[in-house]
file coords_18.txt (compact mmCIF, C-alpha atoms and all ligand atoms)
# COMPACT_ATOMS: atom_id res chain seq x y z
CA MET A 1 15.01 8.37 -6.33
CA LYS A 2 13.28 4.96 -6.47
CA HIS A 3 9.52 4.86 -6.04
CA HIS A 4 7.75 1.81 -4.68
CA LYS A 5 4.19 1.45 -3.57
CA TYR A 6 5.36 -0.68 -0.65
CA LEU A 7 8.64 -0.24 1.16
CA ILE A 8 9.69 -2.90 3.67
CA ILE A 9 12.47 -2.00 6.10
CA GLY A 10 14.01 -5.19 7.44
CA GLY A 11 14.73 -8.57 5.91
CA GLY A 12 13.67 -11.07 8.54
CA MET A 13 10.73 -13.42 8.81
CA ALA A 14 8.17 -10.65 9.47
CA ALA A 15 9.40 -8.70 6.42
CA ASP A 16 9.25 -11.76 4.18
CA SER A 17 5.76 -12.66 5.44
CA ALA A 18 4.57 -9.09 4.79
CA ILE A 19 5.65 -9.38 1.15
CA ARG A 20 3.64 -12.59 0.82
CA GLY A 21 0.68 -10.83 2.47
CA ILE A 22 0.88 -7.91 0.07
CA ARG A 23 1.06 -10.23 -2.93
CA LYS A 24 -2.08 -12.10 -1.81
CA VAL A 25 -3.98 -8.83 -2.28
CA ASP A 26 -1.98 -6.81 -4.81
CA GLN A 27 -0.11 -8.77 -7.50
CA ASP A 28 1.35 -5.74 -9.26
CA GLY A 29 2.22 -2.93 -6.82
CA ALA A 30 5.98 -2.33 -6.72
CA ILE A 31 7.64 -3.65 -3.54
CA ALA A 32 11.15 -2.96 -2.27
CA MET A 33 12.82 -4.54 0.73
CA ILE A 34 15.83 -2.92 2.37
CA CYS A 35 17.80 -5.35 4.47
CA GLU A 36 20.85 -4.55 6.55
CA GLU A 37 21.99 -8.18 6.55
CA ARG A 38 23.75 -9.36 3.41
CA HIS A 39 21.41 -12.32 3.09
CA PRO A 40 17.88 -12.51 1.76
CA PRO A 41 15.25 -13.61 4.31
CA TYR A 42 15.81 -16.96 6.02
CA ASP A 43 14.22 -18.94 8.84
CA ARG A 44 15.97 -18.08 12.08
CA PRO A 45 14.92 -21.01 14.39
CA PRO A 46 17.12 -23.63 12.62
CA LEU A 47 20.26 -21.60 13.48
CA SER A 48 20.14 -22.81 17.08
CA LYS A 49 18.28 -26.08 16.47
CA SER A 50 18.15 -28.28 13.35
CA LEU A 51 21.29 -26.92 11.62
CA TRP A 52 23.26 -28.53 14.44
CA LYS A 53 21.56 -31.85 13.75
CA ASP A 54 20.87 -33.06 10.23
CA ALA A 55 19.33 -30.05 8.43
CA SER A 56 21.26 -28.44 5.59
CA LEU A 57 21.87 -24.72 5.24
CA ASP A 58 19.96 -24.76 1.94
CA SER A 59 16.75 -25.52 3.84
CA ILE A 60 16.56 -22.17 5.65
CA TRP A 61 15.96 -19.80 2.71
CA ARG A 62 12.48 -18.25 2.40
CA ASN A 63 12.85 -17.65 -1.36
CA GLU A 64 11.23 -14.53 -2.84
CA HIS A 65 11.41 -15.82 -6.43
CA GLY A 66 8.24 -14.98 -8.29
CA LEU A 67 7.14 -12.33 -5.79
CA ASP A 68 8.64 -9.53 -7.89
CA VAL A 69 10.42 -7.69 -5.09
CA ALA A 70 13.41 -5.35 -5.40
CA ILE A 71 15.68 -6.61 -2.61
CA HIS A 72 18.49 -4.31 -1.47
CA LEU A 73 20.88 -6.27 0.73
CA GLY A 74 23.57 -4.80 2.96
CA LYS A 75 21.79 -1.45 3.10
CA LYS A 76 20.53 0.28 6.20
CA ILE A 77 17.80 2.91 6.21
CA VAL A 78 19.20 5.76 8.27
CA SER A 79 16.39 8.30 8.07
CA LEU A 80 12.72 8.67 7.21
CA ASP A 81 10.87 11.75 6.08
CA THR A 82 7.29 10.90 6.96
CA GLN A 83 5.97 14.12 5.35
CA LYS A 84 7.59 13.53 1.97
CA LYS A 85 7.24 9.75 2.46
CA THR A 86 10.87 8.97 1.73
CA ALA A 87 13.48 6.71 3.28
CA THR A 88 17.24 7.22 2.85
CA ASP A 89 19.80 4.44 3.15
CA ASP A 90 23.41 4.55 4.33
CA ALA A 91 24.65 4.89 0.72
CA GLY A 92 22.49 7.97 0.18
CA ASN A 93 19.84 6.23 -1.96
CA ILE A 94 16.37 7.65 -1.50
CA TYR A 95 13.26 5.47 -1.77
CA THR A 96 9.74 6.88 -1.87
CA TYR A 97 6.73 4.92 -0.63
CA GLU A 98 2.99 4.93 -0.23
CA LYS A 99 2.94 2.35 2.59
CA LEU A 100 5.95 1.55 4.74
CA LEU A 101 6.61 -1.42 7.03
CA LEU A 102 9.05 -1.30 9.92
CA ALA A 103 10.10 -4.90 10.49
CA THR A 104 13.39 -3.95 12.09
CA GLY A 105 13.41 -6.71 14.74
CA GLY A 106 15.73 -6.53 17.69
CA VAL A 107 19.37 -5.83 18.44
CA VAL A 108 21.25 -8.14 20.76
CA ARG A 109 22.15 -6.95 24.24
CA ARG A 110 25.93 -6.89 24.67
CA PHE A 111 28.41 -6.66 27.46
CA PRO A 112 29.82 -3.13 27.18
CA ASP A 113 33.42 -4.03 28.00
CA PHE A 114 34.33 -7.44 26.62
CA GLY A 115 35.28 -6.65 23.02
CA ASP A 116 34.43 -8.56 19.88
CA ASP A 117 35.48 -12.05 20.91
CA ILE A 118 31.97 -13.00 22.01
CA VAL A 119 29.45 -14.31 19.48
CA TYR A 120 26.14 -12.66 20.43
CA PHE A 121 24.23 -15.37 18.66
CA ARG A 122 21.36 -14.22 16.44
CA THR A 123 22.09 -14.16 12.71
CA LEU A 124 23.16 -16.51 9.94
CA ASP A 125 26.64 -14.95 10.04
CA ASP A 126 26.79 -15.76 13.76
CA PHE A 127 25.83 -19.36 12.98
CA ARG A 128 28.47 -19.63 10.28
CA LYS A 129 31.15 -18.15 12.51
CA LEU A 130 30.36 -20.46 15.43
CA HIS A 131 29.93 -23.53 13.24
CA LYS A 132 33.33 -22.91 11.65
CA VAL A 133 35.05 -22.49 15.03
CA SER A 134 33.29 -25.61 16.34
CA GLU A 135 34.74 -27.71 13.51
CA HIS A 136 38.20 -27.59 15.07
CA ALA A 137 37.54 -26.51 18.66
CA SER A 138 36.36 -28.35 21.74
CA ASP A 139 35.57 -25.96 24.62
CA PHE A 140 32.92 -23.28 24.83
CA VAL A 141 31.33 -20.95 27.34
CA VAL A 142 27.67 -20.07 26.79
CA VAL A 143 26.49 -17.02 28.72
CA GLY A 144 22.73 -16.77 29.31
CA GLY A 145 20.20 -19.39 30.33
CA GLY A 146 17.28 -18.25 28.16
CA PHE A 147 16.24 -19.49 24.71
CA ILE A 148 19.54 -18.98 22.91
CA GLY A 149 21.68 -20.17 25.82
CA SER A 150 19.71 -23.37 26.37
CA GLU A 151 19.43 -24.24 22.66
CA ILE A 152 23.04 -23.45 21.68
CA ALA A 153 24.49 -25.20 24.74
CA ALA A 154 22.49 -28.33 23.83
CA ALA A 155 23.47 -28.03 20.16
CA LEU A 156 27.20 -27.78 20.93
CA ALA A 157 27.08 -30.58 23.51
CA MET A 158 25.26 -32.82 21.01
CA ASN A 159 28.17 -32.19 18.66
CA GLY A 160 30.63 -33.49 21.24
CA LYS A 161 31.78 -30.11 22.60
CA ARG A 162 32.58 -29.37 26.24
CA VAL A 163 30.21 -26.58 27.25
CA THR A 164 29.99 -24.41 30.34
CA MET A 165 26.78 -22.42 30.79
CA ILE A 166 26.85 -19.31 32.99
CA PHE A 167 23.79 -17.25 33.86
CA PRO A 168 22.39 -15.25 36.78
CA GLU A 169 19.18 -17.24 37.40
CA ASN A 170 19.02 -20.37 39.55
CA GLY A 171 18.41 -22.61 36.55
CA ILE A 172 17.92 -23.06 32.84
CA GLY A 173 14.85 -21.21 31.57
CA ALA A 174 14.02 -20.08 35.11
CA ARG A 175 11.94 -17.12 33.94
CA VAL A 176 9.74 -19.40 31.86
CA TYR A 177 9.51 -22.91 33.34
CA PRO A 178 8.19 -23.96 36.78
CA GLY A 179 10.80 -24.50 39.54
CA PRO A 180 10.77 -28.33 39.55
CA LEU A 181 11.23 -28.45 35.77
CA VAL A 182 14.10 -25.93 36.00
CA LYS A 183 15.77 -28.15 38.60
CA PHE A 184 15.30 -31.16 36.34
CA LEU A 185 16.78 -29.25 33.38
CA ASN A 186 19.90 -28.31 35.34
CA ALA A 187 20.42 -31.99 36.22
CA TYR A 188 19.57 -33.14 32.70
CA TYR A 189 22.09 -30.76 31.07
CA ARG A 190 24.73 -31.85 33.59
CA GLU A 191 23.99 -35.50 32.75
CA LYS A 192 24.61 -34.61 29.11
CA GLY A 193 28.06 -33.28 30.06
CA VAL A 194 27.28 -29.55 30.26
CA THR A 195 28.77 -27.68 33.23
CA VAL A 196 25.95 -25.47 34.51
CA ILE A 197 27.00 -22.48 36.64
CA THR A 198 23.96 -20.75 38.10
CA GLY A 199 23.67 -17.43 39.94
CA GLU A 200 26.66 -15.89 38.17
CA THR A 201 27.67 -13.77 35.25
CA ILE A 202 31.10 -13.08 33.76
CA ARG A 203 33.66 -10.56 34.98
CA SER A 204 36.11 -10.59 32.07
CA VAL A 205 36.90 -12.13 28.71
CA ARG A 206 40.45 -11.90 27.36
CA PRO A 207 42.72 -13.60 24.82
CA ALA A 208 45.05 -16.16 26.40
CA GLY A 209 47.61 -17.72 24.08
CA GLY A 210 45.31 -18.76 21.24
CA LYS A 211 42.45 -19.49 23.64
CA THR A 212 40.01 -17.22 25.45
CA ALA A 213 40.03 -16.85 29.23
CA VAL A 214 36.63 -16.22 30.79
CA THR A 215 36.46 -15.21 34.43
CA THR A 216 33.14 -15.66 36.22
CA SER A 217 31.85 -13.11 38.71
CA SER A 218 33.05 -15.31 41.59
CA GLY A 219 36.55 -15.45 40.12
CA THR A 220 36.70 -18.89 38.46
CA GLU A 221 38.76 -18.81 35.26
CA ILE A 222 37.75 -21.02 32.34
CA LEU A 223 39.92 -21.46 29.24
CA VAL A 224 37.89 -22.02 26.07
CA ASP A 225 37.93 -21.80 22.27
CA GLY A 226 34.78 -19.73 21.95
CA VAL A 227 32.31 -17.64 23.95
CA ILE A 228 28.66 -17.36 22.93
CA ALA A 229 26.13 -15.09 24.59
CA GLY A 230 22.34 -14.86 24.45
CA LEU A 231 21.51 -11.95 26.73
CA GLY A 232 18.18 -11.04 25.16
CA ILE A 233 17.35 -8.43 22.56
CA LEU A 234 16.19 -4.82 22.56
CA PRO A 235 13.56 -3.76 20.02
CA ASN A 236 15.20 -1.87 17.17
CA THR A 237 13.13 1.30 17.42
CA GLU A 238 15.73 3.91 16.44
CA LEU A 239 14.08 4.94 13.16
CA ALA A 240 10.63 5.02 14.73
CA VAL A 241 11.83 7.24 17.57
CA GLU A 242 13.59 9.61 15.19
CA SER A 243 10.45 9.77 13.05
CA GLY A 244 8.29 10.72 16.00
CA LEU A 245 6.25 7.50 16.02
CA THR A 246 4.83 6.33 19.34
CA VAL A 247 7.30 3.95 20.98
CA ASP A 248 6.83 2.18 24.30
CA ASN A 249 8.64 -1.15 24.67
CA GLY A 250 8.63 -1.41 20.87
CA ILE A 251 6.76 0.44 18.17
CA VAL A 252 3.16 0.82 19.28
CA VAL A 253 0.67 -0.43 16.68
CA ASP A 254 -3.12 -0.53 16.58
CA GLY A 255 -5.30 -3.57 15.91
CA GLN A 256 -4.57 -3.33 12.18
CA LEU A 257 -0.84 -3.01 12.85
CA ARG A 258 -0.61 0.69 11.94
CA THR A 259 1.80 2.82 13.92
CA SER A 260 0.84 6.30 15.07
CA ASN A 261 1.37 7.28 11.40
CA PRO A 262 -1.36 5.48 9.40
CA ASP A 263 0.87 4.94 6.34
CA ILE A 264 3.53 3.22 8.44
CA TYR A 265 3.02 -0.29 9.81
CA ALA A 266 5.18 -2.37 12.15
CA ALA A 267 5.35 -6.14 12.67
CA GLY A 268 7.45 -8.84 14.31
CA ASP A 269 9.79 -8.57 17.31
CA VAL A 270 9.75 -4.77 17.18
CA ALA A 271 5.97 -4.26 17.34
CA ASN A 272 4.04 -3.67 20.54
CA PHE A 273 0.48 -4.82 19.83
CA TYR A 274 -2.70 -5.37 21.78
CA ASN A 275 -3.09 -9.08 22.30
CA VAL A 276 -6.83 -9.62 22.18
CA LEU A 277 -6.98 -13.02 23.88
CA LEU A 278 -4.71 -11.99 26.74
CA ALA A 279 -6.34 -8.52 26.91
CA LYS A 280 -2.99 -6.77 27.24
CA ARG A 281 -0.27 -5.18 25.15
CA ALA A 282 2.70 -7.36 24.35
CA ARG A 283 5.79 -7.63 22.23
CA VAL A 284 6.51 -11.18 21.12
CA GLU A 285 9.95 -12.36 19.99
CA HIS A 286 9.09 -15.66 18.32
CA GLU A 287 8.79 -17.02 14.78
CA ASP A 288 5.02 -17.63 14.62
CA ASN A 289 4.30 -14.05 15.66
CA ALA A 290 6.69 -12.74 12.99
CA ASN A 291 5.05 -14.88 10.32
CA VAL A 292 1.39 -14.26 11.08
CA MET A 293 1.76 -10.62 12.10
CA GLY A 294 3.96 -9.88 9.10
CA GLU A 295 1.45 -11.38 6.72
CA THR A 296 -1.46 -9.48 8.32
CA ALA A 297 0.50 -6.22 8.09
CA GLY A 298 1.19 -6.91 4.41
CA ARG A 299 -2.45 -7.55 3.59
CA ASN A 300 -3.48 -4.41 5.45
CA MET A 301 -0.83 -2.34 3.66
CA ALA A 302 -2.43 -3.55 0.42
CA GLY A 303 -5.87 -2.32 1.47
CA GLN A 304 -7.41 -4.92 3.77
CA SER A 305 -8.60 -3.98 7.28
CA GLU A 306 -7.86 -7.11 9.27
CA GLU A 307 -7.47 -7.10 13.04
CA TYR A 308 -4.45 -9.02 14.33
CA ARG A 309 -6.12 -11.38 16.83
CA HIS A 310 -3.60 -14.22 16.76
CA LEU A 311 -2.19 -15.72 19.95
CA PRO A 312 1.31 -16.74 18.84
CA PHE A 313 2.89 -20.05 19.83
CA PHE A 314 6.55 -20.93 20.11
CA TYR A 315 8.67 -24.06 20.47
CA SER A 316 12.10 -25.20 21.52
CA ASP A 317 14.42 -28.20 21.35
CA LEU A 318 16.67 -29.11 24.26
CA PHE A 319 18.63 -32.27 23.44
CA ASP A 320 15.91 -34.88 22.92
CA LEU A 321 13.30 -32.88 24.81
CA GLY A 322 11.02 -30.51 22.96
CA TYR A 323 7.83 -28.55 23.36
CA GLU A 324 5.31 -26.15 21.93
CA ALA A 325 3.85 -23.38 24.04
CA VAL A 326 1.25 -20.70 23.73
CA GLY A 327 0.28 -17.57 25.67
CA GLU A 328 1.95 -16.07 28.68
CA LEU A 329 4.73 -18.33 30.01
CA ASP A 330 5.85 -16.51 33.07
CA ALA A 331 7.24 -18.55 35.95
CA SER A 332 5.89 -15.99 38.44
CA LEU A 333 2.26 -16.90 37.61
CA ASP A 334 0.34 -19.64 39.49
CA ILE A 335 1.38 -22.91 37.95
CA VAL A 336 -0.39 -26.25 37.62
CA GLU A 337 1.83 -29.10 36.42
CA ASP A 338 0.14 -32.15 34.93
CA TRP A 339 2.84 -34.71 34.15
CA LYS A 340 2.15 -38.00 32.42
CA GLU A 341 5.79 -38.85 33.04
CA PRO A 342 7.58 -36.34 35.26
CA PHE A 343 9.56 -33.79 33.20
CA ARG A 344 9.48 -36.05 30.12
CA LYS A 345 5.90 -35.60 28.99
CA GLY A 346 3.10 -33.46 30.30
CA VAL A 347 1.33 -30.12 30.27
CA VAL A 348 2.03 -27.07 32.43
CA TYR A 349 -0.67 -24.43 32.90
CA TYR A 350 0.08 -20.82 33.88
CA LEU A 351 -2.81 -19.10 35.69
CA ARG A 352 -3.63 -15.62 36.91
CA GLU A 353 -6.58 -15.35 39.29
CA GLY A 354 -7.71 -18.82 38.25
CA GLN A 355 -7.69 -18.11 34.51
CA VAL A 356 -5.33 -19.96 32.20
CA ARG A 357 -2.93 -17.45 30.59
CA GLY A 358 -0.38 -19.80 29.09
CA VAL A 359 0.18 -23.50 28.35
CA LEU A 360 3.46 -25.39 27.99
CA LEU A 361 3.02 -28.58 25.96
CA TRP A 362 6.10 -30.53 27.04
CA ASN A 363 6.71 -33.35 24.55
CA THR A 364 2.97 -33.09 23.93
CA TRP A 365 2.26 -32.48 20.26
CA GLY A 366 -0.58 -31.20 18.12
CA GLN A 367 -2.36 -29.46 21.01
CA VAL A 368 -1.64 -25.77 20.33
CA ALA A 369 -5.22 -25.14 19.16
CA ALA A 370 -6.69 -26.85 22.25
CA ALA A 371 -4.39 -24.80 24.49
CA THR A 372 -5.34 -21.58 22.68
CA ASP A 373 -9.05 -22.40 23.11
CA LEU A 374 -8.52 -23.00 26.81
CA ILE A 375 -6.89 -19.57 27.20
CA ALA A 376 -9.65 -17.93 25.13
CA GLU A 377 -12.39 -19.51 27.25
CA LYS A 378 -11.32 -17.48 30.30
CA ALA A 379 -13.02 -20.00 32.61
CA THR A 380 -11.90 -20.42 36.21
CA HIS A 381 -9.65 -23.41 36.75
CA SER A 382 -7.79 -25.29 39.47
CA HIS A 383 -5.52 -28.35 39.79
CA GLU A 384 -8.62 -30.53 39.76
CA THR A 385 -10.23 -29.13 36.61
CA LEU A 386 -6.95 -29.05 34.68
CA ALA A 387 -5.77 -32.61 35.46
CA GLY A 388 -5.91 -34.54 32.17
CA LYS A 389 -7.47 -31.55 30.37
CA ILE A 390 -4.99 -31.60 27.47
CA THR A 391 -3.16 -34.73 26.31
CA ASP A 392 -1.90 -35.92 22.96
P1 LIG A 401 16.28 -14.55 26.64
O1 LIG A 401 15.57 -13.36 27.14
O2 LIG A 401 15.52 -15.80 26.40
O3 LIG A 401 17.43 -14.93 27.69
C1 LIG A 401 18.37 -13.99 28.14
C2 LIG A 401 19.30 -14.68 29.13
O4 LIG A 401 20.45 -13.85 29.29
C3 LIG A 401 18.72 -14.89 30.51
O5 LIG A 401 19.13 -16.14 31.04
C4 LIG A 401 19.38 -13.78 31.30
O6 LIG A 401 19.52 -14.00 32.66
C5 LIG A 401 20.74 -13.76 30.66
N1 LIG A 401 21.47 -12.55 30.95
C6 LIG A 401 21.05 -11.26 30.81
N2 LIG A 401 22.02 -10.42 31.22
C7 LIG A 401 23.06 -11.20 31.60
C8 LIG A 401 24.35 -10.94 32.11
N3 LIG A 401 24.79 -9.70 32.32
N4 LIG A 401 25.16 -12.00 32.38
C9 LIG A 401 24.75 -13.24 32.17
N5 LIG A 401 23.54 -13.57 31.69
C10 LIG A 401 22.71 -12.55 31.42
O7 LIG A 401 17.04 -14.07 25.32
P2 LIG A 401 17.94 -14.90 24.29
O8 LIG A 401 18.15 -16.29 24.77
O9 LIG A 401 19.14 -14.04 24.03
O10 LIG A 401 17.07 -14.94 22.99
C11 LIG A 401 16.96 -13.77 22.20
C12 LIG A 401 15.65 -13.70 21.53
O11 LIG A 401 15.46 -14.72 20.58
C13 LIG A 401 14.51 -13.84 22.50
O12 LIG A 401 13.62 -12.88 22.10
C14 LIG A 401 13.93 -15.19 22.25
O13 LIG A 401 12.51 -15.19 22.45
C15 LIG A 401 14.27 -15.42 20.81
N6 LIG A 401 14.51 -16.85 20.61
C16 LIG A 401 13.44 -17.68 20.63
C17 LIG A 401 13.63 -19.02 20.49
C18 LIG A 401 12.45 -19.93 20.50
O14 LIG A 401 11.33 -19.45 20.36
N7 LIG A 401 12.68 -21.22 20.67
C19 LIG A 401 14.91 -19.54 20.34
C20 LIG A 401 16.00 -18.67 20.33
C21 LIG A 401 15.78 -17.31 20.47
call {"tool": "encode", "arguments": {"input": "coords_18.txt", "output": "structure tokens"}}
result
Amino acid sequence: MKHHKYLIIGGGMAADSAIRGIRKVDQDGAIAMICEERHPPYDRPPLSKSLWKDASLDSIWRNEHGLDVAIHLGKKIVSLDTQKKTATDDAGNIYTYEKLLLATGGVVRRFPDFGDDIVYFRTLDDFRKLHKVSEHASDFVVVGGGFIGSEIAAALAMNGKRVTMIFPENGIGARVYPGPLVKFLNAYYREKGVTVITGETIRSVRPAGGKTAVTTSSGTEILVDGVIAGLGILPNTELAVESGLTVDNGIVVDGQLRTSNPDIYAAGDVANFYNVLLAKRARVEHEDNANVMGETAGRNMAGQSEEYRHLPFFYSDLFDLGYEAVGELDASLDIVEDWKEPFRKGVVYYLREGQVRGVLLWNTWGQVAAATDLIAEKATHSHETLAGKITD
């Protein structure tokens, strides 16, 4: 039985940030991290962005040296006893804790029937696998038109690969970006050599003489060297459910990131928190949320009582286009587009009942704070009042 004052379940960005948060308050308390992946914490965004350009793999590591943490890699916690305050891993090791963090992230959604030939792209191992295949292969199908689909399709195409994207929406990022921008993105990806198949999914995936045959829902067969899918993730709430914690689209936490058990905290993709600026509960699956929420959880585990009031931002790279964004980016909201140069540079505002809920800073840099202030103001806005409001 191994006792630690702080036990962190998960080894992603939220988990790593929590350790840093704990150490800012408590330099001595024993910390253990149990991580199912066989790698210590690393930055996930480069896997679908800069590692396909000029960044080296060495640059992604978060590096716990000096933080005095017992890191157990390749171990999965399979049960919690919240009365005895113990956690048991899949090798039968038992860890006791005073404060526990669930930073268990998300599990990728999969097609139930298509076997193991698809890379459901999320982890460093997925990156390595795909990168290796791409070194000697030329043709790929990318299923999904969300964040992973759009970034990986661009990354492969930039590396000279022939890519076919397949997804059910009418365009790339259709749930997030306004219609005209989605239309532009479809054309832009096609210009870059990507075949974009909208309004479809896939019917089958099967080996075909050293290649893989993918059949779309309308019956088109495509022969490729690799299939990648980004179908979204589901919050990894299994342990929380089994432990009787409140779960509702993620593990429900209070303002200080405590679950329904006050000695157990949750942070990152898995945590459902009350977003103060948006005045609603949310679960956010982006890096900045993992970092800031993780660190706040860590400090609170070590005795602070901080409210998590952060409005997380996120960013993406699509070929030579890029953006930062903050708040609620939901294409079904009222949208005001303010382009300096159509679809190349501008700001898109997402409004509900006249109030700005989200801002997309398209090739517009250094304006996340201004956009956050605009959302926090909760003033009533229109096309007229937003024109030229934020520029870089
Ligand atoms: P996503 O939710 O962004 O996109 C899911 C896509 O899969 C959608 O296009 C959807 O239509 C498609 N899809 C779902 N079911 C399908 C089916 N049966 N057939 C075909 N397509 C189907 O999720 P993602 O792209 O997988 O990303 C996973 C997570 O990682 C998300 O939480 C995302 O926020 C995060 N992420 C963020 C960034 C960033 O912030 N830049 C980058 C990569 C990943």
call {"tool": "atom_distance", "arguments": {"input": "coords_18.txt", "atom1": "atom CA of Ile375 of chain A", "atom2": "atom CA of Val252 of chain A"}}
result
24.1 Å
call {"tool": "residues_near_ligand", "arguments": {"input": "coords_18.txt", "ligand": "ligand LIG 401 (chain A)", "cutoff": "7 Å", "atoms": "all atoms listed in the file", "output": "VMD selection string"}}
result
chain A and resid 45 48 111 143 to 149 151 166 to 169 173 200 to 202 230 to 233 285 to 287 314 to 316
call {"tool": "residues_near_point", "arguments": {"input": "coords_18.txt", "point": "(0.7, -10.7, 25.6)", "cutoff": "12 Å", "atoms": "only C-alpha atoms", "output": "PyMOL selection string"}}
result
chain A and resi 271-285+289+309-313+326-330+357-358+375
call {"tool": "atom_distance", "arguments": {"input": "coords_18.txt", "atom1": "atom CA of Ala240 of chain A", "atom2": "atom CA of Thr123 of chain A"}}
result
22.4 Å
call {"tool": "closest_residue", "arguments": {"input": "coords_18.txt", "among": "A:Val205, A:Leu67, A:Leu351, A:Cys35", "to": "Ile118 of chain A", "atoms": "only C-alpha atoms"}}
result
A:Val205
call {"tool": "closest_atom_pairs", "arguments": {"input": "coords_18.txt", "of": "segment 191-281 of chain A", "to": "segment 73-84 of chain A", "cutoff": "10 Å", "atoms": "only C-alpha atoms", "output": "Markdown table"}}
result
| residue | atom | partner | partner_atom | distance |
| --- | --- | --- | --- | --- |
| A:Glu238 | CA | A:Val78 | CA | 9.1 |
| A:Leu239 | CA | A:Ser79 | CA | 6.5 |
| A:Ala240 | CA | A:Leu80 | CA | 8.6 |
| A:Glu242 | CA | A:Ser79 | CA | 7.8 |
| A:Ser243 | CA | A:Leu80 | CA | 6.4 |
| A:Gly244 | CA | A:Thr82 | CA | 9.1 |
| A:Leu245 | CA | A:Thr82 | CA | 9.7 |
| A:Asn261 | CA | A:Thr82 | CA | 8.2 |
| A:Asp263 | CA | A:Thr82 | CA | 8.8 |
| A:Ile264 | CA | A:Thr82 | CA | 8.7 |
call {"tool": "residues_around", "arguments": {"input": "coords_18.txt", "residues": "Ser332 of chain A", "least_positions_apart": "5", "cutoff": "12 Å", "atoms": "all atoms listed in the file", "output": "ChimeraX atom specification"}}
result
/A:174-179,350-352,357-358
call {"tool": "write_last_selection", "arguments": {"input": "coords_18.txt", "atoms": "C-alpha atoms", "output": "short mmCIF file (atom, residue, chain, number, x, y, z; two decimals), keeping the file's coordinate frame"}}
result
data_model
loop_
_atom_site.label_atom_id
_atom_site.label_comp_id
_atom_site.auth_asym_id
_atom_site.auth_seq_id
_atom_site.Cartn_x
_atom_site.Cartn_y
_atom_site.Cartn_z
CA ALA A 174 14.02 -20.08 35.11
CA ARG A 175 11.94 -17.12 33.94
CA VAL A 176 9.74 -19.40 31.86
CA TYR A 177 9.51 -22.91 33.34
CA PRO A 178 8.19 -23.96 36.78
CA GLY A 179 10.80 -24.50 39.54
CA TYR A 350 0.08 -20.82 33.88
CA LEU A 351 -2.81 -19.10 35.69
CA ARG A 352 -3.63 -15.62 36.91
CA ARG A 357 -2.93 -17.45 30.59
CA GLY A 358 -0.38 -19.80 29.09
#
